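Heads up: the structure comes next, in structure tokens.
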Amino acid sequence: MTIKTVMVVGAGQMGSGIARVCAQSGFDVLLNDMNEAALQKGLSSMEKLLSRNVEKGKLAEEDKTAALERLTLSSDLKDARTCDLVIEAVVENMDVKANVFSELDRYAPAHAILASNTSSLPITEIAAVTNRSEQVIGMHFMNPVPIMKLVEIIRGLQTSDETYESIKSMTNQLHKSPVEVKDFPGFVSNRVLMPMINEAIYTVYEGVASPEDVDRVMKLGMNHPMGPITLADFIGLDTCLYIMEVLHEGFGDSKYRPCPLLRQYVKAGWLGKKSGRGFYQYN
Ligand code: NAD
């Protein structure tokens, strides 16, 4: 199937990055969010980052203009009727995603593929709320989307070969590297990464070391480019908590229990960089 028009649902840190990469790769893009302020923020961050690339000589001014011209803002999921592919990037919560998918299934044309950027939720369960399970797939981009090369492609139980091949080829068109994984909690990336982040938060919770020192140990000792506490703030502490809950419930193993300090920060609204405060403070 030829993909020409893409709708990205959710204009947060991931959705705006996905929309930008799609627009820069020549796709017509509709960026949707239920929150008008989030849409405007997504657009202005996209404009700012594209302009920065022009200033650095990494992007031609006309390519920036062309990418922005291919982008349209949308606040109505009914706009999915013109799309060949919808990539959902709303909050990491099954109830919210299930509602979005059941609406998208109603509005998107019969040929359209519905993809989720979920970090951990089962694609098979998301697909079950639609009448097109064979056209539902996981497209897990990494943060920050324009920089990170990997896209985990998650096949639900009923995802067809045709859907998989279309998404693999589209991922290559975005100049990203697709890696196929099975539909298991956390897939590969977050099943390996998130327990490490959770354990790092436990070391802070138990007073073993400060956030700065935990990060220093992992950067200087393990050659990680970014410490796990900084990375947690960067991902979003709410997203980290959702993923730990999915792993905990999905495997029924206590080794995945979320750290109480993580829960407390999320309850306080300290969600990391996006809210201005997490383990660190941001201006
Ligand atoms: P975010 O909180 O920055 O953005 C979520 C956006 O979704 C918000 O703008 C919100 O207004 C919007 N939204 C919520 N419900 C909606 C609805 N019903 N219709 C339309 N818009 C709606 O979150 P994020 O960090 O961009 O994460 C989005 C998804 O991407 C999650 O599933 C997350 O697990 C996944 N993900 C996140 C990261 C990361 O590092 N943050 C990495 C990979 C994947």
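Simple scheme: letters A, B, ... for chains in structure tokens order, numbers from 1 for residues in each chain, numbers from 1 for ligands in the order shown.
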Practice problem: Write as a ChimeraX atom specification the residues around ligand 1, taking 7 Å as the cut-off and counting only C-alpha atoms and all ligand atoms. | Solution: /A:9-15,32-35,38,89-92,96,100,117-120,140-143,234-236,239,274
Quiz item: Hey, what does DSSP flag as strand (DSSP E or B) within region 160-226 of chain A? Can you give it to me as a list in words?
Solution: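 After running DSSP on the backbone, region 160-226 of chain A has strand (DSSP E or B) at Ser177, Pro178, Val179, Glu180, Val181 and Lys182 of chain A.
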Practice problem: Determine which residues of region 75-220 of chain A DSSP labels as helix (DSSP H, G or I) from the backbone of this structure, then write them out as a PyMOL selection string. | Solution: chain A and resi 77-82+94-107+123-127+133-135+161-173+189-205+211-220
Quiz prompt | Shell around Asn190 (chain A) at 10 Å using only C-alpha atoms, local window under 4 positions removed, as an MDAnalysis selection string | solution = chainID A and resid 119:120 185:186 194:197 240 243:244 247
Tell me, as a PDB file with N, CA and C atoms, in the first residue's frame, which residues lie within 12 Å of Glu47 (chain A), counting only C-alpha atoms; anything in the same chain fewer than 3 positions away does not count.
ATOM      1  N   SER A  16       4.817  15.443  18.269  1.00  0.00           N
ATOM      2  CA  SER A  16       5.322  16.553  17.455  1.00  0.00           C
ATOM      3  C   SER A  16       6.608  16.131  16.740  1.00  0.00           C
ATOM      4  N   GLY A  17       7.423  15.305  17.381  1.00  0.00           N
ATOM      5  CA  GLY A  17       8.650  14.807  16.726  1.00  0.00           C
ATOM      6  C   GLY A  17       8.323  13.890  15.559  1.00  0.00           C
ATOM      7  N   ALA A  19       5.549  13.871  13.796  1.00  0.00           N
ATOM      8  CA  ALA A  19       4.951  14.697  12.733  1.00  0.00           C
ATOM      9  C   ALA A  19       6.044  15.413  11.944  1.00  0.00           C
ATOM     10  N   ARG A  20       7.027  15.925  12.674  1.00  0.00           N
ATOM     11  CA  ARG A  20       8.111  16.656  12.001  1.00  0.00           C
ATOM     12  C   ARG A  20       8.897  15.737  11.069  1.00  0.00           C
ATOM     13  N   ALA A  23       6.817  14.929   7.988  1.00  0.00           N
ATOM     14  CA  ALA A  23       6.702  16.073   7.068  1.00  0.00           C
ATOM     15  C   ALA A  23       8.028  16.297   6.338  1.00  0.00           C
ATOM     16  N   GLN A  24       9.133  16.163   7.053  1.00  0.00           N
ATOM     17  CA  GLN A  24      10.440  16.359   6.414  1.00  0.00           C
ATOM     18  C   GLN A  24      10.753  15.269   5.394  1.00  0.00           C
ATOM     19  N   GLN A  40      -0.542  24.052  19.603  1.00  0.00           N
ATOM     20  CA  GLN A  40       0.265  25.257  19.329  1.00  0.00           C
ATOM     21  C   GLN A  40       1.691  25.065  19.830  1.00  0.00           C
ATOM     22  N   LYS A  41       1.827  24.406  20.996  1.00  0.00           N
ATOM     23  CA  LYS A  41       3.165  24.165  21.549  1.00  0.00           C
ATOM     24  C   LYS A  41       3.941  23.222  20.627  1.00  0.00           C
ATOM     25  N   GLY A  42       3.244  22.171  20.142  1.00  0.00           N
ATOM     26  CA  GLY A  42       3.883  21.202  19.235  1.00  0.00           C
ATOM     27  C   GLY A  42       4.362  21.891  17.973  1.00  0.00           C
ATOM     28  N   LEU A  43       3.511  22.775  17.414  1.00  0.00           N
ATOM     29  CA  LEU A  43       3.874  23.477  16.179  1.00  0.00           C
ATOM     30  C   LEU A  43       5.048  24.415  16.416  1.00  0.00           C
ATOM     31  N   SER A  44       4.989  25.181  17.533  1.00  0.00           N
ATOM     32  CA  SER A  44       6.070  26.157  17.735  1.00  0.00           C
ATOM     33  C   SER A  44       7.388  25.451  18.041  1.00  0.00           C
ATOM     34  N   LEU A  50      13.312  23.304  13.566  1.00  0.00           N
ATOM     35  CA  LEU A  50      13.654  23.357  12.133  1.00  0.00           C
ATOM     36  C   LEU A  50      14.517  24.585  11.852  1.00  0.00           C
ATOM     37  N   SER A  51      14.149  25.730  12.468  1.00  0.00           N
ATOM     38  CA  SER A  51      14.927  26.964  12.255  1.00  0.00           C
ATOM     39  C   SER A  51      16.350  26.781  12.775  1.00  0.00           C
ATOM     40  N   ARG A  52      16.477  26.090  13.907  1.00  0.00           N
ATOM     41  CA  ARG A  52      17.810  25.869  14.467  1.00  0.00           C
ATOM     42  C   ARG A  52      18.665  25.045  13.491  1.00  0.00           C
ATOM     43  N   ASN A  53      18.022  24.053  12.855  1.00  0.00           N
ATOM     44  CA  ASN A  53      18.755  23.240  11.874  1.00  0.00           C
ATOM     45  C   ASN A  53      19.179  24.063  10.666  1.00  0.00           C
ATOM     46  N   VAL A  54      18.315  25.041  10.274  1.00  0.00           N
ATOM     47  CA  VAL A  54      18.671  25.926   9.155  1.00  0.00           C
ATOM     48  C   VAL A  54      19.886  26.777   9.555  1.00  0.00           C
ATOM     49  N   GLU A  61      16.616  26.372   3.876  1.00  0.00           N
ATOM     50  CA  GLU A  61      15.440  27.176   4.238  1.00  0.00           C
ATOM     51  C   GLU A  61      14.194  26.671   3.482  1.00  0.00           C
ATOM     52  N   LYS A  64      12.752  23.557   4.999  1.00  0.00           N
ATOM     53  CA  LYS A  64      11.996  23.883   6.220  1.00  0.00           C
ATOM     54  C   LYS A  64      10.602  24.376   5.837  1.00  0.00           C
ATOM     55  N   THR A  65      10.536  25.308   4.877  1.00  0.00           N
ATOM     56  CA  THR A  65       9.252  25.853   4.428  1.00  0.00           C
ATOM     57  C   THR A  65       8.372  24.727   3.874  1.00  0.00           C
ATOM     58  N   ALA A  66       8.975  23.856   3.054  1.00  0.00           N
ATOM     59  CA  ALA A  66       8.191  22.767   2.437  1.00  0.00           C
ATOM     60  C   ALA A  66       7.640  21.835   3.517  1.00  0.00           C
ATOM     61  N   ALA A  67       8.461  21.525   4.529  1.00  0.00           N
ATOM     62  CA  ALA A  67       8.009  20.620   5.605  1.00  0.00           C
ATOM     63  C   ALA A  67       6.828  21.255   6.348  1.00  0.00           C
ATOM     64  N   LEU A  68       6.936  22.549   6.642  1.00  0.00           N
ATOM     65  CA  LEU A  68       5.848  23.208   7.387  1.00  0.00           C
ATOM     66  C   LEU A  68       4.583  23.323   6.535  1.00  0.00           C
ATOM     67  N   GLU A  69       4.772  23.467   5.212  1.00  0.00           N
ATOM     68  CA  GLU A  69       3.587  23.543   4.327  1.00  0.00           C
ATOM     69  C   GLU A  69       2.854  22.200   4.246  1.00  0.00           C
ATOM     70  N   LEU A  71       2.314  20.357   6.687  1.00  0.00           N
ATOM     71  CA  LEU A  71       1.729  20.082   8.006  1.00  0.00           C
ATOM     72  C   LEU A  71       0.432  20.866   8.226  1.00  0.00           C
TER      73      LEU A  71
END
Quiz item: From the set A:Gly138, A:Met7, A:Ile123, A:Leu59, which residue has the shortest atom-to-atom contact distance to Arg81 (chain A), counting only C-alpha atoms?
Solution: A:Met7
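Here CA of Pro225 (chain A) stands at a distance of 27.7 Å from CA of Lys182 (chain A).
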Exercise. Identify, on the basis of only C-alpha atoms, every residue whose closest approach to Gly276 (chain A) does not exceed 12 Å; exclude the query and any residue fewer than 4 positions from it along the same chain; express the result as a PyMOL selection string.
Key: chain A and resi 233-234+236-237+269-272+280-283
Self-check item: Contact residues around Gln135 (chain A) with only C-alpha atoms at 8 Å, ignoring same-chain residues under 6 positions, as a VMD selection string
Solution: chain A and resid 112 to 114 159 to 160 163
Self-check item: Which of A:Lys78, A:Lys48, A:Arg191, A:Lys168 sits closest to His248 (chain A) [using only C-alpha atoms]
Solution: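 That would be A:Arg191, the residue with the smallest distance to His248 (chain A).
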Self-check item: Test item: residues at most 8 Å from Leu150 (chain A), only C-alpha atoms, excluding those fewer than 2 positions along its chain, as a PyMOL selection string
Solution: chain A and resi 141-142+148+152+176-179
File dump, residues just selected, N, CA and C atoms, as a tab-separated table (two decimals), in the first residue's frame:
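Okay, selection12.tsv is ready:
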chain	number	residue	atom	x	y	z
A	141	PHE	N	8.69	4.77	18.24
A	141	PHE	CA	9.79	5.68	17.98
A	141	PHE	C	10.53	5.96	19.29
A	142	MET	N	11.77	6.38	19.19
A	142	MET	CA	12.56	6.71	20.37
A	142	MET	C	12.65	8.23	20.51
A	148	MET	N	16.93	9.96	17.05
A	148	MET	CA	17.13	8.52	17.29
A	148	MET	C	16.71	7.69	16.08
A	152	GLU	N	11.02	0.46	16.88
A	152	GLU	CA	10.61	-0.93	17.14
A	152	GLU	C	9.27	-1.13	16.44
A	176	LYS	N	14.83	5.84	9.15
A	176	LYS	CA	14.98	5.19	10.46
A	176	LYS	C	15.24	3.70	10.23
A	177	SER	N	15.69	3.03	11.29
A	177	SER	CA	15.98	1.59	11.19
A	177	SER	C	14.91	0.79	11.93
A	178	PRO	N	14.09	0.02	11.18
A	178	PRO	CA	13.06	-0.78	11.84
A	178	PRO	C	13.64	-2.05	12.44
A	179	VAL	N	13.17	-2.42	13.64
A	179	VAL	CA	13.53	-3.71	14.22
A	179	VAL	C	12.22	-4.38	14.62
Quiz prompt | Selected residue, from A:Pro258, A:Gly221, A:Gly156, A:Gly207, that lies nearest to Asp183 (chain A) when counting only C-alpha atoms | solution =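 Among A:Pro258, A:Gly221, A:Gly156, A:Gly207, it is A:Gly156 that comes nearest to Asp183 (chain A).
Shortest separation to Val217 (chain A) among A:Ala232, A:Ala200, A:Ile3, A:Cys22 occurs at residue A:Ala200, atoms counted being only C-alpha atoms.
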Quiz prompt | Separation of CA of Ala37 (chain A) from CA of Leu73 (chain A) in Å | solution =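 Going from CA of Leu73 (chain A) over to CA of Ala37 (chain A) covers 11.7 Å.
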